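Have a look at start_25.cif; it's mmCIF, C-alpha atoms:
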data_target
#
loop_
_atom_site.label_atom_id
_atom_site.label_comp_id
_atom_site.auth_asym_id
_atom_site.auth_seq_id
_atom_site.Cartn_x
_atom_site.Cartn_y
_atom_site.Cartn_z
CA MET A 16 29.20 -132.00 -70.15
CA GLU A 17 26.31 -133.16 -72.37
CA LYS A 18 26.91 -130.22 -74.72
CA TYR A 19 30.52 -131.27 -75.38
CA ILE A 20 29.50 -134.91 -75.87
CA PHE A 21 26.90 -133.83 -78.44
CA LEU A 22 29.40 -131.69 -80.36
CA ALA A 23 32.02 -134.45 -80.29
CA ALA A 24 29.52 -137.02 -81.51
CA LYS A 25 28.41 -134.73 -84.33
CA TYR A 26 32.02 -134.11 -85.41
CA VAL A 27 32.96 -137.79 -85.31
CA ILE A 28 29.90 -138.73 -87.40
CA LEU A 29 30.94 -136.22 -90.07
CA VAL A 30 34.51 -137.54 -90.07
CA LEU A 31 33.24 -141.09 -90.22
CA LEU A 32 30.98 -140.47 -93.20
CA HIS A 33 33.72 -138.53 -95.00
CA ASN A 34 36.24 -141.34 -94.48
CA LEU A 35 33.70 -143.97 -95.47
CA GLN A 36 33.12 -142.24 -98.81
CA HIS A 37 36.82 -142.59 -99.68
CA THR A 38 37.02 -146.09 -98.26
CA LEU A 39 34.32 -147.43 -100.56
CA THR A 40 36.38 -146.39 -103.59
CA ALA A 41 39.85 -147.14 -102.23
CA THR A 42 41.49 -149.28 -99.58
CA LEU A 43 40.10 -149.64 -96.08
CA ASP A 44 41.25 -146.68 -94.01
CA MET A 45 42.11 -147.52 -90.41
CA ARG A 46 40.90 -144.13 -89.36
CA VAL A 47 37.35 -145.32 -90.11
CA LEU A 48 37.73 -148.11 -87.59
CA TYR A 49 39.10 -145.69 -85.01
CA SER A 50 36.25 -143.31 -85.68
CA LEU A 51 33.76 -146.14 -85.40
CA CYS A 52 35.11 -147.09 -81.99
CA ILE A 53 34.97 -143.50 -80.78
CA ILE A 54 31.40 -142.91 -81.93
CA SER A 55 30.27 -146.19 -80.35
CA ILE A 56 31.77 -145.14 -77.02
CA LEU A 57 30.15 -141.71 -77.29
CA ALA A 58 26.77 -143.23 -78.11
CA ILE A 59 26.93 -145.42 -75.03
CA THR A 60 28.10 -142.52 -72.85
CA SER A 61 25.40 -140.14 -74.07
CA SER A 62 22.65 -142.63 -73.26
CA CYS A 63 23.59 -142.65 -69.58
CA SER A 64 21.40 -140.66 -67.21
CA TYR A 65 22.77 -137.91 -65.03
CA LYS A 66 21.62 -137.40 -61.48
CA GLN A 67 20.98 -134.00 -60.06
CA SER A 68 20.86 -133.06 -56.41
CA GLN A 69 17.54 -131.36 -55.72
CA LEU A 70 17.67 -128.10 -53.81
CA LEU A 71 14.56 -128.39 -51.67
CA PHE A 72 13.78 -125.90 -48.89
CA GLN A 73 17.16 -124.16 -49.01
CA ALA A 74 17.68 -120.75 -47.45
CA SER A 75 18.50 -118.22 -50.16
CA GLY A 76 21.66 -116.17 -49.60
CA THR A 77 23.43 -115.78 -46.30
CA LYS A 78 20.58 -114.04 -44.50
CA PRO A 79 17.71 -116.10 -43.14
CA ASP A 80 14.42 -115.76 -44.98
CA SER A 81 12.04 -113.66 -42.88
CA THR A 82 9.09 -115.73 -44.06
CA ALA A 83 10.88 -119.01 -43.39
CA ALA A 84 11.39 -117.98 -39.76
CA HIS A 85 7.69 -118.58 -39.19
CA THR A 86 7.38 -121.98 -40.85
CA SER A 87 6.43 -123.59 -37.55
CA GLN A 88 3.19 -121.63 -37.49
CA THR A 89 0.01 -123.34 -38.63
CA ILE A 90 -0.72 -122.74 -42.28
CA SER A 91 -4.07 -121.03 -42.57
CA GLY A 92 -6.29 -120.97 -45.61
CA SER A 93 -9.92 -120.60 -46.55
CA PRO A 94 -11.63 -123.89 -45.60
CA TYR A 95 -13.78 -125.62 -48.20
CA ARG A 96 -17.50 -124.90 -48.08
CA ILE A 97 -19.96 -127.62 -48.95
CA HIS A 98 -21.69 -127.52 -52.34
CA PRO A 99 -24.67 -129.39 -53.79
CA LEU A 100 -23.81 -132.91 -55.02
CA ASP A 101 -20.88 -133.15 -52.60
CA GLN A 102 -20.52 -136.51 -50.87
CA LEU A 103 -20.32 -136.50 -47.07
CA GLN A 104 -18.92 -139.42 -45.12
CA ILE A 105 -20.52 -139.25 -41.68
CA ARG A 106 -19.45 -141.39 -38.74
CA ASN A 107 -20.73 -141.44 -35.18
CA LEU A 108 -17.62 -141.75 -33.02
CA GLN A 109 -19.62 -142.75 -29.93
CA SER A 110 -21.80 -145.44 -31.44
CA ILE A 111 -21.44 -146.44 -35.05
CA LYS A 112 -24.65 -148.48 -35.03
CA SER A 113 -26.76 -145.51 -33.96
CA LEU A 114 -26.18 -143.93 -37.37
CA VAL A 115 -25.31 -146.73 -39.79
CA ASP A 116 -28.00 -149.20 -38.69
CA GLN A 117 -30.86 -146.68 -38.76
CA SER A 118 -33.27 -146.81 -41.67
CA PRO A 119 -32.66 -144.05 -44.22
CA ALA A 120 -34.79 -140.97 -44.08
CA PRO A 121 -37.37 -140.58 -46.88
CA ASN A 122 -35.83 -139.56 -50.22
CA SER A 123 -32.31 -139.76 -48.77
CA ASN A 124 -29.41 -140.34 -51.16
CA ILE A 125 -27.20 -142.88 -49.38
CA SER A 126 -24.39 -144.88 -50.91
CA GLY A 127 -22.11 -147.59 -49.57
CA GLY A 128 -19.93 -147.42 -46.53
CA SER A 129 -18.61 -149.65 -43.79
CA ALA A 130 -19.32 -149.47 -40.11
CA ALA A 131 -15.71 -148.50 -39.45
CA GLN A 132 -15.81 -145.63 -41.93
CA GLY A 133 -19.37 -144.42 -41.54
CA GLN A 134 -22.06 -143.88 -44.13
CA ILE A 135 -21.89 -141.76 -47.28
CA PHE A 136 -24.62 -139.19 -47.95
CA GLN A 137 -24.87 -136.97 -51.03
CA VAL A 138 -25.83 -133.33 -50.69
CA GLU A 139 -28.91 -132.72 -52.82
CA GLU A 140 -29.33 -129.94 -55.36
CA ASP A 141 -31.27 -127.84 -52.85
CA GLY A 142 -28.24 -127.83 -50.54
CA THR A 143 -29.65 -130.24 -47.95
CA VAL A 144 -28.59 -133.71 -46.89
CA ALA A 145 -31.16 -136.30 -45.80
CA LEU A 146 -30.09 -138.09 -42.62
CA PRO A 147 -31.67 -140.96 -40.63
CA GLU A 148 -34.23 -139.94 -37.99
CA ILE A 149 -33.78 -136.16 -38.38
CA GLY A 150 -34.56 -135.72 -42.09
CA HIS A 151 -33.17 -132.94 -44.27
CA VAL A 152 -30.46 -130.66 -42.90
CA ARG A 153 -29.19 -127.68 -44.91
CA VAL A 154 -25.40 -127.84 -45.16
CA GLU A 155 -24.69 -125.87 -48.34
CA GLY A 156 -22.18 -123.08 -47.74
CA LEU A 157 -20.99 -124.55 -44.44
CA THR A 158 -17.46 -125.69 -43.71
CA ARG A 159 -16.87 -129.26 -42.62
CA VAL A 160 -16.54 -128.14 -38.98
CA GLU A 161 -19.71 -126.05 -39.13
CA ALA A 162 -21.69 -128.90 -40.72
CA THR A 163 -20.41 -131.30 -38.08
CA LYS A 164 -21.63 -129.08 -35.23
CA LEU A 165 -25.00 -128.48 -36.90
CA ILE A 166 -25.66 -132.19 -37.39
CA GLU A 167 -24.50 -132.99 -33.86
CA ASP A 168 -26.94 -130.39 -32.49
CA GLN A 169 -29.80 -131.81 -34.57
CA TYR A 170 -29.19 -135.35 -33.32
CA LYS A 171 -28.78 -134.12 -29.74
CA LYS A 172 -32.19 -132.46 -29.83
CA ASN A 173 -34.10 -135.41 -31.23
CA VAL A 174 -32.22 -138.72 -31.06
CA LEU A 175 -28.88 -139.04 -29.28
CA VAL A 176 -27.28 -137.91 -26.05
CA ASN A 177 -24.07 -135.91 -26.55
CA PRO A 178 -23.32 -137.22 -30.05
CA VAL A 179 -19.84 -136.87 -31.51
CA PHE A 180 -19.65 -137.04 -35.30
CA GLU A 181 -16.85 -137.05 -37.84
CA ILE A 182 -17.66 -135.64 -41.27
CA LYS A 183 -15.48 -135.78 -44.37
CA VAL A 184 -16.10 -134.39 -47.85
CA ILE A 185 -14.81 -137.32 -49.88
CA ASN A 186 -15.38 -136.18 -53.49
CA LEU A 187 -12.68 -133.46 -53.42
CA LYS A 188 -9.56 -134.21 -55.42
CA VAL A 189 -6.57 -132.75 -57.23
CA THR A 190 -4.61 -134.02 -60.24
CA LEU A 191 -0.83 -134.40 -60.13
CA PHE A 192 1.35 -135.16 -63.13
CA GLY A 193 4.81 -134.51 -64.52
CA GLU A 194 8.13 -135.31 -62.84
CA VAL A 195 6.78 -137.04 -59.72
CA LYS A 196 7.17 -140.62 -58.57
CA SER A 197 3.44 -141.40 -58.77
CA GLN A 198 1.10 -139.40 -61.02
CA GLY A 199 -2.68 -139.44 -60.78
CA ASN A 200 -5.70 -138.11 -58.90
CA TYR A 201 -5.43 -137.61 -55.14
CA PRO A 202 -8.34 -137.00 -52.75
CA LEU A 203 -8.28 -134.00 -50.41
CA VAL A 204 -9.29 -135.79 -47.25
CA LYS A 205 -8.51 -132.96 -44.84
CA ASP A 206 -8.70 -129.18 -44.73
CA ASN A 207 -5.69 -127.10 -45.80
CA THR A 208 -3.78 -129.87 -47.55
CA THR A 209 -0.51 -128.36 -48.79
CA LEU A 210 1.51 -128.95 -51.94
CA VAL A 211 4.36 -130.42 -49.89
CA GLU A 212 2.00 -132.94 -48.27
CA LEU A 213 0.63 -133.98 -51.65
CA LEU A 214 4.11 -134.45 -53.14
CA GLY A 215 5.06 -136.54 -50.13
CA GLU A 216 2.02 -138.74 -50.67
CA ALA A 217 3.04 -139.12 -54.33
CA GLY A 218 6.51 -140.37 -53.36
CA GLY A 219 8.34 -137.10 -54.01
CA LEU A 220 9.95 -135.59 -57.10
CA THR A 221 12.05 -137.40 -59.69
CA GLN A 222 15.67 -136.50 -60.38
CA SER A 223 14.56 -134.65 -63.51
CA ALA A 224 12.06 -132.41 -61.70
CA ASN A 225 12.33 -128.64 -61.77
CA GLU A 226 11.69 -127.95 -58.08
CA LYS A 227 11.97 -124.19 -58.63
CA SER A 228 8.85 -123.91 -60.78
CA ILE A 229 5.92 -126.15 -59.81
CA LYS A 230 2.70 -124.94 -61.42
CA ILE A 231 -0.72 -125.04 -59.76
CA ILE A 232 -3.50 -124.55 -62.34
CA ARG A 233 -6.69 -123.44 -60.64
CA GLY A 234 -10.20 -122.38 -61.61
CA ASP A 235 -12.92 -123.41 -64.02
CA ALA A 236 -13.80 -120.65 -66.47
CA ASN A 237 -11.03 -118.22 -65.51
CA LYS A 238 -7.98 -120.37 -64.87
CA THR A 239 -4.97 -119.04 -62.99
CA VAL A 240 -1.44 -120.46 -62.87
CA THR A 241 0.59 -120.16 -59.68
CA GLU A 242 4.29 -121.06 -59.57
CA ILE A 243 5.77 -122.41 -56.35
CA ASP A 244 9.54 -122.50 -55.76
CA LEU A 245 10.31 -125.46 -53.48
CA SER A 246 13.96 -124.46 -53.25
CA LYS A 247 12.90 -121.78 -50.75
CA LEU A 248 11.90 -122.40 -47.16
CA SER A 249 9.08 -119.89 -47.54
CA SER A 250 7.28 -122.29 -49.89
CA ILE A 251 6.30 -124.44 -46.88
CA SER A 252 4.16 -121.64 -45.42
CA ASP A 253 3.10 -120.09 -48.73
CA PRO A 254 -0.74 -119.76 -48.59
CA ARG A 255 -0.85 -120.18 -52.37
CA ALA A 256 0.41 -123.74 -51.89
CA ILE A 257 -2.73 -124.75 -49.98
CA LEU A 258 -4.58 -126.96 -52.43
CA GLN A 259 -8.19 -126.56 -53.53
CA ASN A 260 -10.64 -128.94 -55.12
CA GLY A 261 -9.98 -129.36 -58.84
CA ASP A 262 -6.39 -128.08 -58.77
CA VAL A 263 -4.03 -129.44 -61.42
CA ILE A 264 -0.38 -129.59 -60.33
CA TYR A 265 2.30 -129.92 -62.99
CA VAL A 266 5.98 -130.57 -62.25
CA SER A 267 8.10 -129.83 -65.32
CA GLN A 268 11.55 -131.12 -66.24
CA ASN A 269 14.70 -129.27 -65.27
CA LYS A 270 17.30 -128.27 -67.87
CA ARG A 271 19.48 -131.25 -67.14
CA GLY A 272 16.58 -133.63 -67.67
CA ILE A 273 15.68 -131.97 -70.97
CA ARG A 274 19.29 -132.24 -72.19
CA SER A 275 19.42 -135.88 -71.14
CA ASP A 276 16.26 -136.61 -73.13
CA ASN A 277 17.68 -134.78 -76.16
CA LEU A 278 20.87 -136.84 -75.96
CA GLN A 279 18.82 -139.99 -75.69
CA ASN A 280 16.90 -138.98 -78.83
CA ILE A 281 20.20 -138.32 -80.64
CA THR A 282 21.45 -141.75 -79.60
CA THR A 283 18.29 -143.33 -80.97
CA LEU A 284 18.86 -141.60 -84.31
CA VAL A 285 22.57 -142.43 -84.42
CA GLN A 286 22.17 -146.15 -83.76
CA PRO A 287 20.66 -146.98 -87.21
CA VAL A 288 23.47 -144.99 -88.86
CA LEU A 289 26.05 -146.97 -86.91
CA LEU A 290 24.39 -150.21 -87.94
CA LEU A 291 24.54 -149.26 -91.61
CA VAL A 292 28.16 -148.13 -91.32
CA ASN A 293 29.15 -151.33 -89.54
CA THR A 294 27.43 -153.42 -92.19
CA ALA A 295 29.13 -151.50 -95.00
CA LEU A 296 32.54 -151.85 -93.37
CA VAL A 297 32.11 -155.57 -92.82
CA LEU A 298 31.06 -156.15 -96.43
CA LEU A 299 33.94 -154.03 -97.70
CA THR A 300 36.44 -155.87 -95.52
CA LEU A 301 35.19 -159.24 -96.70
CA SER A 302 35.42 -158.12 -100.32
CA ARG A 303 39.10 -157.19 -99.81
CA LEU A 304 40.05 -160.58 -98.44
#
Take the structure from the file and write it as structure tokens.
Amino acid sequence: MEKYIFLAAKYVILVLLHNLQHTLTATLDMRVLYSLCIISILAITSSCSYKQSQLLFQASGTKPDSTAAHTSQTISGSPYRIHPLDQLQIRNLQSIKSLVDQSPAPNSNISGGSAAQGQIFQVEEDGTVALPEIGHVRVEGLTRVEATKLIEDQYKKNVLVNPVFEIKVINLKVTLFGEVKSQGNYPLVKDNTTLVELLGEAGGLTQSANEKSIKIIRGDANKTVTEIDLSKLSSISDPRAILQNGDVIYVSQNKRGIRSDNLQNITTLVQPVLLLVNTALVLLTLSRL
């Protein structure tokens, strides 16, 4: 549809300019006025946006996708392992005061936090975290679950009776931009966060999004690009769609969105021409009166 509008607009502009050339040296040709009306209508029409129905999580073909049949299974991935300089938010679920109100251990790196959320501790360069009452605990290389059990055991031996802790790594994040409702940086607050969950948090895709090719850019020195096709049910359980710290997710435009932008650009270029033509026709008409 947009292709035919573009060709028609181009043809009418050529006719208009050709007729205008003769009009300036002869009598006013009514065809110019007709052409002007047509091009004005086309300019308005081409500036309209076109909606596209997104094909999310559709079964391909008539046969069910063998991978999609297992989408109810828990998505498994490699859990994040703690690194130096990570920030751990630690909360005692049994008694908040027993952790938050204690004096910091010597040389501990503690930042702000509320009693409801727990306290924030930074992992030091040697891979340990300094905690109240028990001192330095090595957590480098441990998963969040492993670190939680280790710290619980340390407090159980020396300070608390049957402690229950909640630990979050709060400095992990991914970057999302492109054709989504809300671009920006998003924290990875839980293990095995999926692409679908992140897009849901961002408000979903726009009408111009290309849901068949969403790129996940991963890695520091050696970057890799993974394309996820959200039009397939298998994308829900695709292990490649489990996000990692530092991932950059880009959602590109679909073909319809690109064509709509091109038409909008054409309209922007045509409008000054129409203004000049209108002005010339008005002046010419007044001179003939």
Determine the residue set returned by the PyMOL selection byres ((chain A and resi 259-272) around 6) for the present structure, and present it as an NGL selection string. :A and (187-194 or 223-225 or 229-233 or 258 or 273-275)
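Residues matched by the PyMOL selection byres ((chain A and resi 166-169) around 9) in this file are Ile149, Val152, Val154, Glu161, Ala162, Thr163, Lys164, Leu165, Tyr170, Lys171, Lys172, Asn173, Val174, Leu175, Asn177, Pro178, Val179 and Phe180 of chain A.
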What would the selection look like, as a PyMOL selection string, if the PyMOL selection byres ((chain A and resi 102) around 9) were run on the coordinates I just shared? chain A and resi 99-101+103-104+135-138+183-187
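Between CA of Glu212 in chain A and CA of Ile105 in chain A the interatomic distance comes to 24.3 Å.
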CA of Lys205 in chain A to CA of Glu140 in chain A measures 23.5 Å
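The spacing separating CA of Thr241 in chain A from CA of Val204 in chain A amounts to 22.3 Å.
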